[in-house]
Amino acid sequence: MQTLFERTTELHWKDAAQFELDLEREVARQIAEIRQFARSLAEMGIEGLDGLKLQVLIEMEDGRRSKTPGLPAVEPREFTLP
């Protein structure tokens, strides 16, 4: 069995600004992979995916020794399949 999408992504804390940039980059990468998968399904003749609304839910575990400053709050990222 092949894994289609990464379930977890590890980000290394430098500061809040860098964390946000890294998080957005990784979420964009995951959304691109999901869209590519949907395109592959469409090429195989599977219909009804256009306009489907999906969410990337972000759950964080803070593995830092010092939890200060706290990690920024993040909202799910919604997107629509083309």
# chains A, B, ... in the order shown; residues from 1 in each chain; ligands from 1
$ select_by_dssp --residues "chain A" --states "strand (DSSP E)" --output "list of chain:residue names"
A:Lys53, A:Leu54, A:Gln55, A:Val56, A:Arg77, A:Glu78, A:Phe79, A:Thr80
$ write_last_selection --atoms "C-alpha atoms" --output "PDB file, in the first residue's frame"
ATOM      1  CA  LYS A  53     -14.814  21.837  -0.879  1.00  0.00           C
ATOM      2  CA  LEU A  54     -12.158  20.342   1.394  1.00  0.00           C
ATOM      3  CA  GLN A  55     -10.284  21.334   4.542  1.00  0.00           C
ATOM      4  CA  VAL A  56      -6.779  20.728   5.789  1.00  0.00           C
ATOM      5  CA  ARG A  77      -7.353  25.789   5.511  1.00  0.00           C
ATOM      6  CA  GLU A  78     -10.298  25.432   3.138  1.00  0.00           C
ATOM      7  CA  PHE A  79      -9.948  24.976  -0.587  1.00  0.00           C
ATOM      8  CA  THR A  80     -12.033  23.909  -3.560  1.00  0.00           C
TER       9      THR A  80
END
$ residues_around --residues "A:Arg25" --least-positions-apart "6" --cutoff "12 Å" --atoms "only C-alpha atoms" --output "JSON list (two decimals) with C-alpha atoms, in the first residue's frame"
[["chain", "number", "residue", "atom", "x", "y", "z"],
["A", 9, "THR", "CA", 4.89, 17.47, 8.99],
["A", 11, "LEU", "CA", 8.39, 22.28, 11.58],
["A", 18, "GLN", "CA", 9.25, 31.90, 10.34],
["A", 19, "PHE", "CA", 6.79, 29.39, 11.77],
["A", 31, "ILE", "CA", -3.14, 21.13, -1.02],
["A", 32, "ALA", "CA", -1.17, 20.84, -4.28]]
$ residues_around --residues "A:Phe37" --least-positions-apart "3" --cutoff "12 Å" --atoms "only C-alpha atoms" --output "list in words"
Thr3, Leu4, Phe5, Gln30, Ile31, Ala32, Glu33, Ile34, Ser40, Leu41, Ala42, Glu43, Met44, Ile46, Leu49, Leu81 and Pro82 of chain A
$ write_last_selection --atoms "C-alpha atoms" --output "compact mmCIF listing (two decimals), in the first residue's frame"
# COMPACT_ATOMS: atom_id res chain seq x y z
CA THR A 3 0.78 6.52 1.25
CA LEU A 4 -0.86 9.27 -0.77
CA PHE A 5 -0.42 12.19 1.58
CA GLN A 30 -0.33 19.36 0.83
CA ILE A 31 -3.14 21.13 -1.02
CA ALA A 32 -1.17 20.84 -4.28
CA GLU A 33 -0.73 17.09 -3.70
CA ILE A 34 -4.46 16.65 -3.05
CA SER A 40 -5.37 11.86 -11.58
CA LEU A 41 -8.79 10.55 -10.57
CA ALA A 42 -10.46 12.76 -13.18
CA GLU A 43 -8.09 11.41 -15.85
CA MET A 44 -9.23 7.89 -14.88
CA ILE A 46 -13.96 9.61 -11.94
CA LEU A 49 -14.81 16.24 -7.94
CA LEU A 81 -11.01 21.38 -6.15
CA PRO A 82 -10.84 22.82 -9.65
$ select_by_dssp --residues "chain A" --states "alpha helix (DSSP H)" --output "ChimeraX atom specification"
/A:16-43
$ atom_distance --atom1 "atom CA of A:Pro69" --atom2 "atom CA of A:Ala16"
8.4 Å
$ residues_around --residues "A:Gly70" --least-positions-apart "2" --cutoff "12 Å" --atoms "only C-alpha atoms" --output "list in words"
Trp13, Asp15, Ala16, Phe19, Met60, Glu61, Asp62, Gly63, Arg64, Arg65, Ser66, Lys67, Thr68, Pro72, Ala73 and Val74 of chain A
$ closest_residue --among "A:Gly51, A:Pro76, A:Leu71, A:Thr8" --to "A:Arg35" --atoms "only C-alpha atoms"
A:Gly51
